[in-house]
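Shown next: data17.cif, containing mmCIF, C-alpha atoms and all ligand atoms.
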data_protein
loop_
_atom_site.label_atom_id
_atom_site.label_comp_id
_atom_site.auth_asym_id
_atom_site.auth_seq_id
_atom_site.Cartn_x
_atom_site.Cartn_y
_atom_site.Cartn_z
CA MET U 118 3.81 -4.76 32.80
CA THR U 119 0.83 -6.13 34.64
CA LEU U 120 -2.81 -6.80 33.87
CA ARG U 121 -5.07 -4.59 35.96
CA GLU U 122 -8.57 -3.20 35.87
CA VAL U 123 -9.06 -0.09 33.71
CA ARG U 124 -9.57 3.04 35.86
CA TRP U 125 -11.50 6.24 35.22
CA GLN U 126 -8.14 8.10 35.05
CA ASP U 127 -7.13 5.91 32.09
CA ILE U 128 -9.86 7.33 29.85
CA PRO U 129 -7.79 10.08 28.10
CA ALA U 130 -4.99 7.60 27.34
CA LEU U 131 -7.46 5.00 26.09
CA ALA U 132 -9.21 7.52 23.81
CA GLU U 133 -5.81 8.51 22.41
CA LEU U 134 -4.91 4.87 21.69
CA GLU U 135 -8.30 4.38 20.08
CA ARG U 136 -7.69 7.27 17.68
CA SER U 137 -4.38 5.77 16.60
CA LEU U 138 -5.79 2.25 16.18
CA PHE U 139 -9.39 2.52 15.00
CA GLY U 140 -9.71 5.78 13.05
CA ALA U 141 -13.35 6.65 12.39
CA GLU U 142 -14.54 3.81 14.65
CA ALA U 143 -12.50 4.99 17.67
CA TRP U 144 -14.25 5.14 21.01
CA SER U 145 -14.33 8.72 22.29
CA GLU U 146 -13.89 9.72 25.93
CA PRO U 147 -17.70 9.86 26.45
CA THR U 148 -17.98 6.33 25.04
CA TRP U 149 -15.37 5.13 27.53
CA TRP U 150 -17.21 6.87 30.37
CA ALA U 151 -20.42 5.13 29.33
CA GLU U 152 -18.67 1.77 29.04
CA LEU U 153 -17.00 1.96 32.47
CA ALA U 154 -20.29 3.11 34.00
CA GLN U 155 -21.76 -0.27 33.00
CA ARG U 156 -19.48 -2.23 35.29
CA PRO U 157 -19.78 -4.91 36.63
CA ARG U 158 -21.81 -6.04 33.62
CA ARG U 159 -18.87 -4.78 31.55
CA SER U 160 -15.26 -5.30 32.60
CA TYR U 161 -12.16 -3.71 31.12
CA THR U 162 -8.56 -4.79 31.66
CA ALA U 163 -5.35 -2.94 30.80
CA LEU U 164 -1.86 -4.29 30.39
CA ALA U 165 0.15 -1.43 31.81
CA THR U 166 3.18 -0.16 33.61
CA GLY U 167 1.67 2.34 35.99
CA ASP U 168 -0.32 4.78 33.86
CA VAL U 169 1.29 3.74 30.56
CA ILE U 170 -1.08 1.38 28.77
CA THR U 171 0.30 -1.07 26.21
CA ALA U 172 -2.88 -3.05 25.57
CA TYR U 173 -6.43 -3.44 26.75
CA GLY U 174 -9.51 -5.55 26.32
CA GLY U 175 -13.07 -5.69 27.54
CA LEU U 176 -15.97 -8.04 28.10
CA ASP U 177 -19.73 -7.92 28.35
CA HIS U 178 -20.91 -10.55 30.82
CA GLY U 179 -24.26 -11.84 29.63
CA GLY U 180 -24.61 -15.04 31.62
CA GLU U 181 -23.90 -18.17 29.58
CA VAL U 182 -22.64 -16.15 26.65
CA ALA U 183 -20.04 -13.41 27.14
CA ASP U 184 -18.88 -11.03 24.42
CA ILE U 185 -15.51 -9.47 23.73
CA MET U 186 -16.18 -5.74 23.38
CA THR U 187 -12.71 -4.70 22.30
CA VAL U 188 -9.10 -5.87 22.12
CA ALA U 189 -6.24 -3.54 21.25
CA VAL U 190 -2.47 -3.39 21.41
CA ALA U 191 -0.63 -0.08 21.06
CA PRO U 192 1.02 0.62 17.69
CA GLY U 193 4.67 -0.43 17.86
CA GLN U 194 3.90 -3.08 20.49
CA GLN U 195 2.11 -5.53 18.21
CA GLY U 196 3.43 -8.92 17.08
CA ARG U 197 5.04 -9.79 20.42
CA GLY U 198 2.37 -11.98 21.94
CA THR U 199 0.62 -9.13 23.78
CA GLY U 200 -2.73 -9.50 22.04
CA THR U 201 -2.61 -13.24 22.72
CA ARG U 202 -2.02 -12.51 26.41
CA VAL U 203 -4.99 -10.14 26.58
CA VAL U 204 -7.37 -12.55 24.80
CA ARG U 205 -6.23 -15.42 27.05
CA HIS U 206 -7.01 -13.23 30.07
CA LEU U 207 -10.46 -12.33 28.69
CA MET U 208 -11.25 -16.01 28.12
CA ALA U 209 -10.23 -16.89 31.69
CA GLU U 210 -12.22 -14.00 33.14
CA ALA U 211 -15.36 -14.88 31.14
CA ARG U 212 -15.05 -18.49 32.33
CA GLU U 213 -14.63 -17.37 35.96
CA ARG U 214 -17.75 -15.22 35.66
CA GLY U 215 -19.73 -18.27 34.54
CA ALA U 216 -19.79 -18.00 30.74
CA ARG U 217 -19.73 -21.16 28.67
CA HIS U 218 -19.29 -19.44 25.33
CA LEU U 219 -17.39 -16.34 24.31
CA MET U 220 -18.33 -14.43 21.15
CA LEU U 221 -16.91 -11.54 19.16
CA GLU U 222 -17.23 -9.73 15.87
CA VAL U 223 -14.26 -8.90 13.70
CA ARG U 224 -13.94 -7.04 10.43
CA ALA U 225 -13.48 -9.41 7.49
CA ASP U 226 -10.46 -7.34 6.43
CA ASN U 227 -8.72 -7.60 9.83
CA LEU U 228 -6.61 -10.69 9.18
CA PRO U 229 -4.16 -10.29 12.12
CA ALA U 230 -7.06 -10.25 14.58
CA GLN U 231 -8.75 -13.24 12.90
CA ARG U 232 -5.52 -15.29 13.04
CA LEU U 233 -5.16 -14.50 16.73
CA TYR U 234 -8.75 -15.54 17.51
CA GLU U 235 -8.43 -18.74 15.46
CA ARG U 236 -5.28 -19.66 17.34
CA MET U 237 -7.19 -19.22 20.58
CA GLY U 238 -9.87 -21.66 19.41
CA PHE U 239 -12.53 -19.29 18.02
CA GLY U 240 -14.43 -20.49 14.97
CA LEU U 241 -16.65 -18.71 12.44
CA VAL U 242 -20.36 -18.72 13.30
CA ARG U 243 -21.72 -16.51 10.53
CA THR U 244 -20.95 -13.54 8.35
CA ARG U 245 -22.89 -10.27 8.61
CA ARG U 246 -22.83 -8.77 5.16
CA ARG U 247 -21.74 -5.14 4.83
CA TYR U 248 -21.98 -4.67 8.58
CA TYR U 249 -19.30 -1.98 8.86
CA GLN U 250 -20.40 1.21 7.12
CA PRO U 251 -19.38 3.38 5.34
CA ASP U 252 -16.50 0.99 4.57
CA ASP U 253 -18.93 -1.68 3.32
CA VAL U 254 -16.99 -4.43 5.09
CA ASP U 255 -18.50 -7.71 6.35
CA ALA U 256 -18.37 -8.72 10.02
CA LEU U 257 -17.34 -12.22 10.99
CA VAL U 258 -19.07 -13.50 14.12
CA MET U 259 -16.75 -15.89 15.95
CA ARG U 260 -17.26 -18.02 19.03
CA VAL U 261 -15.35 -20.35 21.32
CA ASP U 262 -16.60 -22.96 23.76
CA LEU U 263 -14.80 -21.99 26.96
CA GLU U 264 -15.09 -25.45 28.45
CA ARG U 265 -13.66 -27.25 25.45
CA GLY U 266 -11.37 -24.45 24.29
CA ALA U 267 -12.65 -24.95 20.76
CA ALA U 268 -15.12 -23.47 18.31
CA THR U 269 -18.72 -24.00 19.40
CA PRO U 270 -20.67 -26.18 16.97
CA GLY U 271 -24.28 -25.32 16.10
CA ALA U 272 -26.33 -22.34 17.15
CA ALA U 273 -25.88 -20.36 20.37
CA THR U 274 -27.95 -17.58 21.79
CA GLU U 275 -26.57 -14.14 21.16
CA ASN U 276 -26.21 -11.49 23.80
CA ALA U 277 -28.39 -8.52 22.89
CA ALA U 278 -26.50 -6.11 25.19
CA ALA U 279 -23.32 -6.30 23.10
CA THR U 280 -24.59 -4.50 20.04
CA LYS U 281 -23.01 -3.14 16.93
CA GLU U 282 -23.07 0.44 18.21
CA ASN U 283 -20.97 -0.26 21.25
CA ARG U 284 -18.21 -2.57 20.25
CA HIS U 285 -15.30 -2.76 17.89
CA GLU U 286 -15.25 -6.37 16.80
C1 LIG U 301 -5.17 -7.60 16.52
C2 LIG U 301 -4.21 -7.25 17.65
C3 LIG U 301 -4.98 -7.10 18.94
C4 LIG U 301 -3.20 -8.39 17.81
O1 LIG U 301 -2.31 -8.07 18.86
P1 LIG U 301 -0.76 -8.53 18.82
O2 LIG U 301 -0.14 -8.15 20.10
O3 LIG U 301 -0.13 -8.02 17.58
O4 LIG U 301 -0.95 -10.12 18.72
P2 LIG U 301 0.17 -11.21 18.99
O5 LIG U 301 1.52 -10.61 19.05
O6 LIG U 301 -0.27 -11.99 20.18
O7 LIG U 301 0.00 -12.10 17.71
C5 LIG U 301 0.26 -11.51 16.43
C6 LIG U 301 1.34 -12.25 15.69
O8 LIG U 301 2.58 -12.07 16.35
C7 LIG U 301 3.21 -13.34 16.53
N1 LIG U 301 3.99 -13.32 17.75
C8 LIG U 301 3.55 -13.58 18.99
N2 LIG U 301 4.55 -13.48 19.87
C9 LIG U 301 5.64 -13.12 19.16
C10 LIG U 301 7.00 -12.85 19.50
N3 LIG U 301 7.42 -12.93 20.76
N4 LIG U 301 7.83 -12.48 18.52
C11 LIG U 301 7.40 -12.39 17.24
N5 LIG U 301 6.15 -12.64 16.86
C12 LIG U 301 5.29 -13.01 17.81
C13 LIG U 301 2.08 -14.29 16.62
O9 LIG U 301 2.47 -15.60 16.27
C14 LIG U 301 1.13 -13.72 15.64
O10 LIG U 301 1.44 -14.17 14.35
P3 LIG U 301 0.34 -14.28 13.20
O11 LIG U 301 0.40 -13.00 12.48
O12 LIG U 301 0.77 -15.43 12.38
O13 LIG U 301 -0.98 -14.51 13.85
C15 LIG U 301 -3.40 -5.96 17.33
O14 LIG U 301 -2.81 -6.11 16.07
C16 LIG U 301 -4.23 -4.69 17.35
O15 LIG U 301 -4.40 -4.05 18.39
N6 LIG U 301 -4.72 -4.26 16.17
C17 LIG U 301 -5.45 -3.01 16.06
C18 LIG U 301 -6.76 -3.08 16.79
C19 LIG U 301 -7.57 -4.28 16.37
O16 LIG U 301 -7.66 -4.58 15.20
N7 LIG U 301 -8.18 -4.95 17.38
C20 LIG U 301 -8.97 -6.13 17.15
C21 LIG U 301 -10.36 -5.76 16.81
S1 LIG U 301 -11.27 -7.23 16.43
#

For this file, write the structure as structure tokens.
Ligand SMILES: CC(C)(COP(=O)(O)OP(=O)(O)OC[C@H]1O[C@@H](n2cnc3c(N)ncnc32)[C@H](O)[C@@H]1OP(=O)(O)O)[C@@H](O)C(=O)NCCC(=O)NCCS
Amino acid sequence: MTLREVRWQDIPALAELERSLFGAEAWSEPTWWAELAQRPRRSYTALATGDVITAYGGLDHGGEVADIMTVAVAPGQQGRGTGTRVVRHLMAEARERGARHLMLEVRADNLPAQRLYERMGFGLVRTRRRYYQPDDVDALVMRVDLERGAATPGAATENAAATKENRHE
């Protein structure tokens, strides 16, 4: 399995994985087309053997502050360090593209994802009350200082291009 850039041909497989992982919030094929069309501002990476994708993740590069757009590991492949590998790659890529801070949003009820991000140095910035509808679930905004590898203290500018409508976290 290697990390490689997501390709247009991956879209059907990605949409299928989305349906199995995210239910009502799954990105459809048109959403993936729109996301990939925004490269190089967006970048998407797959962990794959040929066309078979085990995990993927994506970034929005907004200058000093980058945003994680999505992170996902196929059902049955979780709990083996794969998600950690993908997040580590996203952090390195954001740093290489010049970001100092990396942000994300995660559902308050998604404890496995929160534990992973905390292990990688992300800290809570704020809570957005009842952000995920119709589930009525809060969003936790998390951030890491890519230079220090630790949670960023104080306020940081948010990246308006990574909006609620177009990301999972
Ligand atoms: C959240 C998600 C990305 C995590 O991916 P993952 O591959 O399961 O993550 P990891 O394996 O790196 O870490 C998960 C756990 O497995 C443990 N683990 C890591 N390597 C392991 C190994 N070789 N053997 C056993 N356990 C291992 C980790 O310690 C971690 O434990 P924790 O529960 O105490 O945190 C994945 O569960 C997922 O895709 N969920 C659905 C989509 C989603 O919620 N995406 C995130 C949106 S914000």

- Task: Kindly provide, as a PyMOL selection string, all nucleotide and amino acid residues lying within 6 Å of ligand LIG 301 (chain U), counting all atoms listed in the file.
- Result: chain U and resi 138+188-190+195-201+223+229-230+232-233+285-286

Could you dump the residues just selected with C-alpha atoms as a short mmCIF file (atom, residue, chain, number, x, y, z; two decimals), in the coordinates of the input?
data_model
loop_
_atom_site.label_atom_id
_atom_site.label_comp_id
_atom_site.auth_asym_id
_atom_site.auth_seq_id
_atom_site.Cartn_x
_atom_site.Cartn_y
_atom_site.Cartn_z
CA LEU U 138 -5.79 2.25 16.18
CA VAL U 188 -9.10 -5.87 22.12
CA ALA U 189 -6.24 -3.54 21.25
CA VAL U 190 -2.47 -3.39 21.41
CA GLN U 195 2.11 -5.53 18.21
CA GLY U 196 3.43 -8.92 17.08
CA ARG U 197 5.04 -9.79 20.42
CA GLY U 198 2.37 -11.98 21.94
CA THR U 199 0.62 -9.13 23.78
CA GLY U 200 -2.73 -9.50 22.04
CA THR U 201 -2.61 -13.24 22.72
CA VAL U 223 -14.26 -8.90 13.70
CA PRO U 229 -4.16 -10.29 12.12
CA ALA U 230 -7.06 -10.25 14.58
CA ARG U 232 -5.52 -15.29 13.04
CA LEU U 233 -5.16 -14.50 16.73
CA HIS U 285 -15.30 -2.76 17.89
CA GLU U 286 -15.25 -6.37 16.80
#

- Message: To one decimal place in Å, what is the distance between CA of Glu210 (chain U) and CA of Leu257 (chain U)?
- Response: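 So the answer is 22.8 Å.
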
- Atom-to-atom span, CA of Thr162 (chain U) and CA of Glu122 (chain U), Å: 4.5 Å

- Protein/DNA/RNA residues near (-21.7, -14.4, 33.5), cut 8 Å, all atoms listed in the file, as a PyMOL selection string: chain U and resi 178-183+211-212+214-216

- Mind checking which residues fall within 12 Å of Val261 (chain U), counting only C-alpha atoms, ignoring those fewer than 4 positions away in the same chain, and posting them as number ranges by chain? U: 182-185, 204-205, 207-208, 211-212, 216-221, 234-242, 265-273
